[in-house]
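*Asks:* So I've got this file, my_file_9.pdb, and it contains PDB, C-alpha atoms, pLDDT in the B column:
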```pdb
ATOM      1  CA  MET U   1      55.023  73.976  48.430  1.00 55.00           C
ATOM      2  CA  ASP U   2      53.307  71.735  50.967  1.00 67.00           C
ATOM      3  CA  HIS U   3      52.187  72.714  54.461  1.00 68.00           C
ATOM      4  CA  LEU U   4      55.223  71.199  56.220  1.00 68.00           C
ATOM      5  CA  ALA U   5      57.638  73.000  53.916  1.00 76.00           C
ATOM      6  CA  LEU U   6      55.867  76.315  54.525  1.00 82.00           C
ATOM      7  CA  GLU U   7      55.982  75.707  58.267  1.00 86.00           C
ATOM      8  CA  LEU U   8      59.702  74.902  58.119  1.00 87.00           C
ATOM      9  CA  THR U   9      60.677  77.934  56.040  1.00 90.00           C
ATOM     10  CA  ALA U  10      58.832  80.193  58.493  1.00 90.00           C
ATOM     11  CA  ARG U  11      60.907  78.916  61.428  1.00 90.00           C
ATOM     12  CA  PRO U  12      63.784  81.070  62.763  1.00 90.00           C
ATOM     13  CA  GLU U  13      66.135  78.068  62.517  1.00 90.00           C
ATOM     14  CA  PHE U  14      65.629  77.898  58.737  1.00 93.00           C
ATOM     15  CA  GLU U  15      66.356  81.608  58.343  1.00 93.00           C
ATOM     16  CA  ILE U  16      69.462  81.319  60.504  1.00 93.00           C
ATOM     17  CA  LEU U  17      70.884  78.505  58.356  1.00 94.00           C
ATOM     18  CA  LYS U  18      69.806  80.004  55.030  1.00 94.00           C
ATOM     19  CA  VAL U  19      72.403  82.746  55.546  1.00 93.00           C
ATOM     20  CA  LEU U  20      75.141  80.119  55.115  1.00 91.00           C
ATOM     21  CA  ILE U  21      73.952  79.578  51.541  1.00 91.00           C
ATOM     22  CA  GLN U  22      73.168  83.187  50.672  1.00 92.00           C
ATOM     23  CA  ASP U  23      76.290  84.851  52.074  1.00 91.00           C
ATOM     24  CA  PRO U  24      79.576  83.280  50.946  1.00 81.00           C
ATOM     25  CA  ASN U  25      81.443  85.331  53.585  1.00 90.00           C
ATOM     26  CA  SER U  26      79.302  84.090  56.473  1.00 91.00           C
ATOM     27  CA  SER U  27      80.934  82.360  59.395  1.00 92.00           C
ATOM     28  CA  PRO U  28      79.572  78.915  60.346  1.00 90.00           C
ATOM     29  CA  ALA U  29      80.072  79.791  64.028  1.00 89.00           C
ATOM     30  CA  ARG U  30      77.598  82.670  63.912  1.00 91.00           C
ATOM     31  CA  PRO U  31      74.526  80.491  63.212  1.00 91.00           C
ATOM     32  CA  VAL U  32      75.573  78.237  66.091  1.00 87.00           C
ATOM     33  CA  HIS U  33      75.414  81.181  68.486  1.00 87.00           C
ATOM     34  CA  LYS U  34      72.108  82.332  67.002  1.00 91.00           C
ATOM     35  CA  LEU U  35      70.622  78.850  67.437  1.00 86.00           C
ATOM     36  CA  LEU U  36      71.694  78.819  71.074  1.00 83.00           C
ATOM     37  CA  ARG U  37      70.033  82.192  71.624  1.00 86.00           C
ATOM     38  CA  THR U  38      66.900  80.864  69.899  1.00 84.00           C
ATOM     39  CA  ARG U  39      66.825  77.953  72.349  1.00 78.00           C
ATOM     40  CA  GLU U  40      67.109  80.327  75.297  1.00 79.00           C
ATOM     41  CA  ALA U  41      64.285  82.496  73.918  1.00 82.00           C
ATOM     42  CA  GLN U  42      62.092  79.424  73.405  1.00 76.00           C
ATOM     43  CA  SER U  43      62.771  78.294  76.957  1.00 73.00           C
ATOM     44  CA  LEU U  44      61.789  81.681  78.357  1.00 75.00           C
ATOM     45  CA  ALA U  45      58.699  82.046  76.165  1.00 79.00           C
ATOM     46  CA  GLN U  46      57.447  78.525  76.851  1.00 73.00           C
ATOM     47  CA  ALA U  47      58.246  78.222  80.543  1.00 70.00           C
ATOM     48  CA  GLU U  48      55.227  75.980  81.127  1.00 75.00           C
ATOM     49  CA  GLU U  49      56.516  73.317  78.718  1.00 74.00           C
ATOM     50  CA  PRO U  50      58.954  70.698  79.998  1.00 76.00           C
ATOM     51  CA  PRO U  51      62.536  71.514  79.021  1.00 73.00           C
ATOM     52  CA  SER U  52      62.813  68.129  77.273  1.00 75.00           C
ATOM     53  CA  GLU U  53      60.058  69.110  74.807  1.00 79.00           C
ATOM     54  CA  ILE U  54      61.684  72.473  74.128  1.00 75.00           C
ATOM     55  CA  ASP U  55      65.009  70.724  73.510  1.00 83.00           C
ATOM     56  CA  ASP U  56      63.380  68.203  71.152  1.00 85.00           C
ATOM     57  CA  VAL U  57      61.920  71.057  69.089  1.00 82.00           C
ATOM     58  CA  HIS U  58      65.207  72.960  69.270  1.00 82.00           C
ATOM     59  CA  ALA U  59      67.124  69.910  68.004  1.00 87.00           C
ATOM     60  CA  SER U  60      64.610  68.890  65.361  1.00 89.00           C
ATOM     61  CA  PHE U  61      64.034  72.079  63.381  1.00 89.00           C
ATOM     62  CA  PRO U  62      67.700  72.956  62.719  1.00 90.00           C
ATOM     63  CA  MET U  63      68.354  69.420  61.452  1.00 91.00           C
ATOM     64  CA  ARG U  64      65.259  69.474  59.216  1.00 90.00           C
ATOM     65  CA  SER U  65      66.338  72.886  57.940  1.00 92.00           C
ATOM     66  CA  LEU U  66      69.891  71.681  57.336  1.00 92.00           C
ATOM     67  CA  ILE U  67      68.724  68.689  55.307  1.00 90.00           C
ATOM     68  CA  GLU U  68      66.207  70.707  53.293  1.00 90.00           C
ATOM     69  CA  LEU U  69      68.801  73.370  52.512  1.00 92.00           C
ATOM     70  CA  ALA U  70      71.341  70.727  51.494  1.00 91.00           C
ATOM     71  CA  ASN U  71      68.693  69.158  49.262  1.00 88.00           C
ATOM     72  CA  LEU U  72      67.978  72.521  47.575  1.00 89.00           C
ATOM     73  CA  THR U  73      71.607  73.635  47.252  1.00 91.00           C
ATOM     74  CA  PRO U  74      74.145  72.476  44.652  1.00 93.00           C
ATOM     75  CA  ALA U  75      76.950  70.437  46.198  1.00 92.00           C
ATOM     76  CA  SER U  76      79.519  73.086  45.275  1.00 91.00           C
ATOM     77  CA  GLN U  77      77.717  75.562  47.573  1.00 91.00           C
ATOM     78  CA  GLN U  78      77.270  73.271  50.590  1.00 92.00           C
ATOM     79  CA  THR U  79      80.663  73.852  52.211  1.00 92.00           C
ATOM     80  CA  LYS U  80      79.307  76.289  54.804  1.00 92.00           C
ATOM     81  CA  LEU U  81      76.596  73.799  55.788  1.00 92.00           C
ATOM     82  CA  GLU U  82      79.250  71.153  56.375  1.00 92.00           C
ATOM     83  CA  GLU U  83      81.360  73.587  58.398  1.00 93.00           C
ATOM     84  CA  PHE U  84      78.274  74.486  60.437  1.00 92.00           C
ATOM     85  CA  VAL U  85      77.745  70.835  61.439  1.00 91.00           C
ATOM     86  CA  SER U  86      81.382  70.580  62.460  1.00 91.00           C
ATOM     87  CA  GLN U  87      81.121  73.789  64.511  1.00 89.00           C
ATOM     88  CA  LEU U  88      77.874  72.664  66.093  1.00 87.00           C
ATOM     89  CA  GLN U  89      79.456  69.476  67.404  1.00 88.00           C
ATOM     90  CA  ARG U  90      82.142  71.491  69.193  1.00 87.00           C
ATOM     91  CA  PHE U  91      79.729  73.508  71.323  1.00 80.00           C
ATOM     92  CA  ARG U  92      78.926  72.340  74.806  1.00 82.00           C
ATOM     93  CA  VAL U  93      75.431  73.523  75.629  1.00 82.00           C
ATOM     94  CA  CYS U  94      74.636  74.031  79.285  1.00 82.00           C
ATOM     95  CA  ASP U  95      71.153  74.777  80.602  1.00 78.00           C
ATOM     96  CA  ARG U  96      71.424  77.881  82.778  1.00 75.00           C
ATOM     97  CA  ALA U  97      68.606  76.761  85.058  1.00 75.00           C
ATOM     98  CA  THR U  98      69.925  73.257  85.803  1.00 81.00           C
ATOM     99  CA  GLY U  99      73.608  73.443  84.912  1.00 85.00           C
ATOM    100  CA  GLN U 100      73.149  70.206  82.952  1.00 86.00           C
ATOM    101  CA  GLN U 101      73.731  69.481  79.284  1.00 88.00           C
ATOM    102  CA  PRO U 102      70.309  69.179  77.629  1.00 87.00           C
ATOM    103  CA  THR U 103      69.447  66.149  75.535  1.00 88.00           C
ATOM    104  CA  ALA U 104      67.040  65.149  72.804  1.00 88.00           C
ATOM    105  CA  LEU U 105      66.433  61.502  71.907  1.00 88.00           C
ATOM    106  CA  ASN U 106      68.867  60.706  74.728  1.00 87.00           C
ATOM    107  CA  LEU U 107      71.621  62.427  72.726  1.00 87.00           C
ATOM    108  CA  THR U 108      73.536  65.460  73.985  1.00 89.00           C
ATOM    109  CA  LEU U 109      72.894  68.849  72.398  1.00 85.00           C
ATOM    110  CA  TRP U 110      74.816  69.467  70.170  1.00 84.00           C
ATOM    111  CA  THR U 111      77.781  67.178  70.194  1.00 87.00           C
ATOM    112  CA  ASP U 112      75.691  64.099  69.309  1.00 89.00           C
ATOM    113  CA  LEU U 113      73.655  65.895  66.599  1.00 87.00           C
ATOM    114  CA  PRO U 114      70.225  64.747  67.781  1.00 87.00           C
ATOM    115  CA  TYR U 115      67.668  64.319  65.030  1.00 87.00           C
ATOM    116  CA  LEU U 116      70.136  64.454  62.140  1.00 86.00           C
ATOM    117  CA  ARG U 117      69.909  60.702  61.563  1.00 80.00           C
ATOM    118  CA  VAL U 118      66.144  60.708  62.163  1.00 82.00           C
ATOM    119  CA  HIS U 119      65.520  63.315  59.464  1.00 79.00           C
ATOM    120  CA  VAL U 120      67.942  61.765  56.987  1.00 79.00           C
ATOM    121  CA  ASP U 121      66.137  58.475  57.515  1.00 77.00           C
ATOM    122  CA  GLN U 122      62.736  60.090  56.945  1.00 74.00           C
ATOM    123  CA  MET U 123      63.818  61.905  53.794  1.00 71.00           C
ATOM    124  CA  VAL U 124      65.779  59.246  51.971  1.00 69.00           C
ATOM    125  CA  GLY U 125      64.940  55.982  53.695  1.00 68.00           C
ATOM    126  CA  PHE U 126      68.449  55.714  55.101  1.00 58.00           C
ATOM    127  CA  ASN U 127      68.991  52.394  56.804  1.00 59.00           C
ATOM    128  CA  PRO U 128      72.211  52.564  58.835  1.00 55.00           C
ATOM    129  CA  LEU U 129      74.517  49.607  58.852  1.00 53.00           C
ATOM    130  CA  THR U 130      74.877  47.621  62.019  1.00 57.00           C
ATOM    131  CA  LEU U 131      78.356  46.372  62.620  1.00 51.00           C
ATOM    132  CA  PRO U 132      78.968  42.902  64.005  1.00 52.00           C
ATOM    133  CA  ALA U 133      80.556  42.624  67.442  1.00 55.00           C
ATOM    134  CA  ALA U 134      83.899  41.634  65.870  1.00 51.00           C
ATOM    135  CA  PRO U 135      84.571  42.742  62.304  1.00 50.00           C
ATOM    136  CA  PRO U 136      85.339  39.899  59.932  1.00 50.00           C
ATOM    137  CA  VAL U 137      88.986  39.276  59.153  1.00 49.00           C
ATOM    138  CA  LEU U 138      89.780  39.556  55.489  1.00 50.00           C
ATOM    139  CA  SER U 139      92.519  37.435  54.089  1.00 47.00           C
ATOM    140  CA  ILE U 140      94.240  38.659  50.963  1.00 54.00           C
ATOM    141  CA  SER U 141      96.693  36.395  49.277  1.00 51.00           C
ATOM    142  CA  GLY U 142      99.081  37.371  46.517  1.00 50.00           C
ATOM    143  CA  PRO U 143      99.437  35.720  43.133  1.00 54.00           C
ATOM    144  CA  ARG U 144     100.201  32.039  43.136  1.00 49.00           C
TER     145      ARG U 144
END
```
As structure tokens, how would this structure be written, given the file I've shared?
*Replies:*
Amino acid sequence: MDHLALELTARPEFEILKVLIQDPNSSPARPVHKLLRTREAQSLAQAEEPPSEIDDVHASFPMRSLIELANLTPASQQTKLEEFVSQLQRFRVCDRATGQQPTALNLTLWTDLPYLRVHVDQMVGFNPLTLPAAPPVLSISGPR
């Protein structure tokens, strides 16, 4: 196991998400709440760091963990990971100090899933499609 993998598996975010694979009765909403508490603890422990840096770290490690766990888990056991992503997008995070919704990469936590695309891109070389301004019109004609 390389240094980055060891660092990732030691993170609380990885442990929080690993439960979704290990416990078939786990609720996808519970890790969401635990991640939010982790963010609050990081903010309190690292008060000297700018909130934007804390939010970048908070957004990055869960997405890295999610992708690594999906990579290590058979598809038939990934349902809870998928449900977690869906749950995560439903939570409106509000910074208690500012009353604002925090962001990472100019994307709202968590509804915009900051860093998910970044980490998918890094791991598999994903190159997202860019859509033209107006989609082309397809013409289908029947038999002649």
*Asks:* Taking (79.0, 77.1, 65.2) as a centre in this file's frame and 10 Å as the limit, can you find every polymer residue with an atom that close, using all atoms listed in the file, and give them as a PDB file with C-alpha atoms, keeping the file's coordinate frame?
*Replies:*
```pdb
ATOM      1  CA  SER U  27      80.934  82.360  59.395  1.00 92.00           C
ATOM      2  CA  PRO U  28      79.572  78.915  60.346  1.00 90.00           C
ATOM      3  CA  ALA U  29      80.072  79.791  64.028  1.00 89.00           C
ATOM      4  CA  ARG U  30      77.598  82.670  63.912  1.00 91.00           C
ATOM      5  CA  PRO U  31      74.526  80.491  63.212  1.00 91.00           C
ATOM      6  CA  VAL U  32      75.573  78.237  66.091  1.00 87.00           C
ATOM      7  CA  HIS U  33      75.414  81.181  68.486  1.00 87.00           C
ATOM      8  CA  LYS U  34      72.108  82.332  67.002  1.00 91.00           C
ATOM      9  CA  LEU U  35      70.622  78.850  67.437  1.00 86.00           C
ATOM     10  CA  LEU U  36      71.694  78.819  71.074  1.00 83.00           C
ATOM     11  CA  GLU U  83      81.360  73.587  58.398  1.00 93.00           C
ATOM     12  CA  PHE U  84      78.274  74.486  60.437  1.00 92.00           C
ATOM     13  CA  VAL U  85      77.745  70.835  61.439  1.00 91.00           C
ATOM     14  CA  SER U  86      81.382  70.580  62.460  1.00 91.00           C
ATOM     15  CA  GLN U  87      81.121  73.789  64.511  1.00 89.00           C
ATOM     16  CA  LEU U  88      77.874  72.664  66.093  1.00 87.00           C
ATOM     17  CA  GLN U  89      79.456  69.476  67.404  1.00 88.00           C
ATOM     18  CA  ARG U  90      82.142  71.491  69.193  1.00 87.00           C
ATOM     19  CA  PHE U  91      79.729  73.508  71.323  1.00 80.00           C
TER      20      PHE U  91
END
```
*Asks:* Can you list, as a PyMOL selection string, the residues that the PyMOL selection byres ((chain U and resi 24) around 12) selects here?
*Replies:* chain U and resi 18-23+25-28+76-81
*Asks:* Using all atoms listed in the file, determine which residues lie at most 8 Å from segment 92-95 of chain U, disregarding the query and same-chain residues fewer than 2 positions distant; provide the list as a ChimeraX atom specification.
*Replies:* /U:36,89-90,97-102,109-111
*Asks:* Between U:Pro12, U:Thr103, U:His119, U:Met63, which residue has the minimum interatomic distance to Gln42 of chain U, considering all atoms listed in the file?
*Replies:*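 Smallest distance to Gln42 of chain U is found for U:Pro12.
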*Asks:* From the set U:Leu6, U:Ile54, U:Leu116, U:Ala104, which residue has the shortest atom-to-atom contact distance to Ala41 of chain U, counting only C-alpha atoms?
*Replies:* U:Ile54
*Asks:* Using all atoms listed in the file for the distances, tell me which of U:Leu69, U:Ala59, U:Ala75, U:Met123 is nearest to Glu15 of chain U.
*Replies:*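 Using all atoms listed in the file, the shortest distance to Glu15 of chain U belongs to U:Leu69.
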*Asks:* Using all atoms listed in the file, pick whichever of U:Arg11, U:Thr108, U:Gln122, U:Pro74 has the shortest atom-to-atom distance to Asp55 of chain U.
*Replies:*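 Among U:Arg11, U:Thr108, U:Gln122, U:Pro74, it is U:Thr108 that comes nearest to Asp55 of chain U.
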*Asks:* Which centre and edge lengths in Å to one decimal define the box along x, y and z that fits every listed atom of segment 84-92 of chain U plus 6 Å per side, as JSON?
*Replies:*
```
{"center_x": 79.9, "center_y": 72.0, "center_z": 67.6, "size_x": 16.4, "size_y": 17.0, "size_z": 26.4}
```
